[in-house]
Amino acid sequence: MIQTISTSKIPIRATYPLLNAFYANQESLLTDEIRTLDLNMEILCQENTLNDSTTFQNQIQELTQENTALPLGRLFENYEKDLNRIYLEVLTQGWQNFSSADFEQLEELALSCPFVNGSAVYKARSLYAHIQPGLSYSDLEICNAVGVYKNGFGNSSAMNDEENQLNVILYPNPTQTELLINIPLK
């Protein structure tokens with residue numbers, strides 16, 4: 001009797017060692033460690049932690065040690081680690097001791113493309129809102145500017161500016177042989 005194995009149950013990458021090694025490398029444990037650290041940081045916001053300064057300080061020290069112990073990883077993981085450090089320093093030392101290097105790093109990350117630099121961009125924007133409140137971000141414009149093209153329409157000022165809109169009329173719709181394009185010239 002010949003036994004057949006359904007290839008739909010075997011991941012395609014398992015049949016290609018090089019591809020499998022690539023994916024194994026991408027599925028970093030460091031990402032899981034950062035996620036766990038984020039969950040532990042949520043404890044800082046719990047009422048019992050906020051009401052007890054000793055518990056709060058102890059928790060910050062533990063989180064600082066956890067964050068410092070993280071190894072260097074991929075770019076977006078390193079940004080997460082740096083941002084956690086900045087956040088914990090702001091909690092312990094306040095904004096008055098905020099270094100210019102940390103400010104520049106926070107600003108650069110807040111103004112960057114989240115598809116390139118990861119979720120640390122959103123965390124940076126939350127912190128940066130304490131320095132520059134009311135600042136809005138168009139990820140479509142930011143990401144397109146660095147060559148990461150995404151489809152969609154954001155709240156871009158160029159898209160909302162009637163002077164910059166192009167009124168194109170395509171007809172007849174539907175068509176079989178001929179399509180007419182009407183573009184008004186100014």
# chains A, B, ... in the order shown; residues from 1 in each chain; ligands from 1

$ residues_around --residues "Tyr122 of chain A" --least-positions-apart "4" --cutoff "10 Å" --atoms "only C-alpha atoms" --output "ChimeraX atom specification"
/A:109-114,117-118,126-128

$ write_last_selection --atoms "N, CA and C atoms" --output "PDB file, in the first residue's frame"
ATOM      1  N   LEU A 109      11.957  59.360  15.377  1.00  0.00           N
ATOM      2  CA  LEU A 109      11.141  58.152  15.348  1.00  0.00           C
ATOM      3  C   LEU A 109       9.661  58.492  15.180  1.00  0.00           C
ATOM      4  N   ALA A 110       9.193  59.540  15.861  1.00  0.00           N
ATOM      5  CA  ALA A 110       7.790  59.946  15.749  1.00  0.00           C
ATOM      6  C   ALA A 110       7.441  60.376  14.335  1.00  0.00           C
ATOM      7  N   LEU A 111       8.394  60.943  13.630  1.00  0.00           N
ATOM      8  CA  LEU A 111       8.161  61.450  12.277  1.00  0.00           C
ATOM      9  C   LEU A 111       8.514  60.437  11.194  1.00  0.00           C
ATOM     10  N   SER A 112       8.749  59.187  11.588  1.00  0.00           N
ATOM     11  CA  SER A 112       9.158  58.169  10.620  1.00  0.00           C
ATOM     12  C   SER A 112       7.990  57.271  10.219  1.00  0.00           C
ATOM     13  N   CYS A 113       8.245  56.415   9.259  1.00  0.00           N
ATOM     14  CA  CYS A 113       7.242  55.497   8.715  1.00  0.00           C
ATOM     15  C   CYS A 113       7.109  54.261   9.609  1.00  0.00           C
ATOM     16  N   PRO A 114       5.909  54.000  10.119  1.00  0.00           N
ATOM     17  CA  PRO A 114       5.731  52.828  10.977  1.00  0.00           C
ATOM     18  C   PRO A 114       5.910  51.503  10.233  1.00  0.00           C
ATOM     19  N   ASN A 117       9.849  51.300  10.650  1.00  0.00           N
ATOM     20  CA  ASN A 117      10.419  51.302  12.001  1.00  0.00           C
ATOM     21  C   ASN A 117       9.548  50.637  13.054  1.00  0.00           C
ATOM     22  N   GLY A 118       8.428  50.079  12.685  1.00  0.00           N
ATOM     23  CA  GLY A 118       7.619  49.285  13.598  1.00  0.00           C
ATOM     24  C   GLY A 118       6.735  50.086  14.534  1.00  0.00           C
ATOM     25  N   SER A 126       3.177  59.087  20.873  1.00  0.00           N
ATOM     26  CA  SER A 126       2.469  59.318  22.133  1.00  0.00           C
ATOM     27  C   SER A 126       3.323  60.133  23.096  1.00  0.00           C
ATOM     28  N   LEU A 127       4.588  59.790  23.192  1.00  0.00           N
ATOM     29  CA  LEU A 127       5.490  60.552  24.061  1.00  0.00           C
ATOM     30  C   LEU A 127       5.757  61.942  23.507  1.00  0.00           C
ATOM     31  N   TYR A 128       5.927  62.019  22.215  1.00  0.00           N
ATOM     32  CA  TYR A 128       6.240  63.295  21.561  1.00  0.00           C
ATOM     33  C   TYR A 128       5.073  64.275  21.690  1.00  0.00           C
TER      34      TYR A 128
END

$ residues_around --residues "segment 92-97 of chain A" --least-positions-apart "4" --cutoff "9 Å" --atoms "only C-alpha atoms" --output "CSV table (one decimal) with N, CA and C atoms, in the first residue's frame"
chain,number,residue,atom,x,y,z
A,57,GLN,N,8.4,52.5,42.1
A,57,GLN,CA,9.8,52.6,41.9
A,57,GLN,C,10.4,51.2,41.7
A,60,ILE,N,9.6,50.1,38.2
A,60,ILE,CA,10.4,50.8,37.2
A,60,ILE,C,11.8,50.2,37.2
A,87,TYR,N,11.2,56.2,27.8
A,87,TYR,CA,9.9,56.3,28.6
A,87,TYR,C,10.2,56.1,30.1
A,88,LEU,N,11.0,55.0,30.4
A,88,LEU,CA,11.3,54.8,31.8
A,88,LEU,C,12.1,55.9,32.4

$ closest_residue --among "A:Thr31, A:Thr55, A:Ser138, A:Thr177" --to "Glu77 of chain A" --atoms "only C-alpha atoms"
A:Thr31

$ atom_distance --atom1 "atom CA of Arg74 of chain A" --atom2 "atom CA of Val148 of chain A"
18.2 Å

$ atom_distance --atom1 "atom CA of Ala120 of chain A" --atom2 "atom CA of Glu80 of chain A"
5.1 Å

$ closest_residue --among "A:Asn84, A:Ala129, A:Asp102, A:Asn144" --to "Gln65 of chain A" --atoms "only C-alpha atoms"
A:Asn84

$ closest_residue --among "A:Leu63, A:Phe115, A:Leu72, A:Ser100" --to "Tyr149 of chain A" --atoms "only C-alpha atoms"
A:Phe115

$ atom_distance --atom1 "atom CA of Gln59 of chain A" --atom2 "atom CA of Leu44 of chain A"
7.1 Å
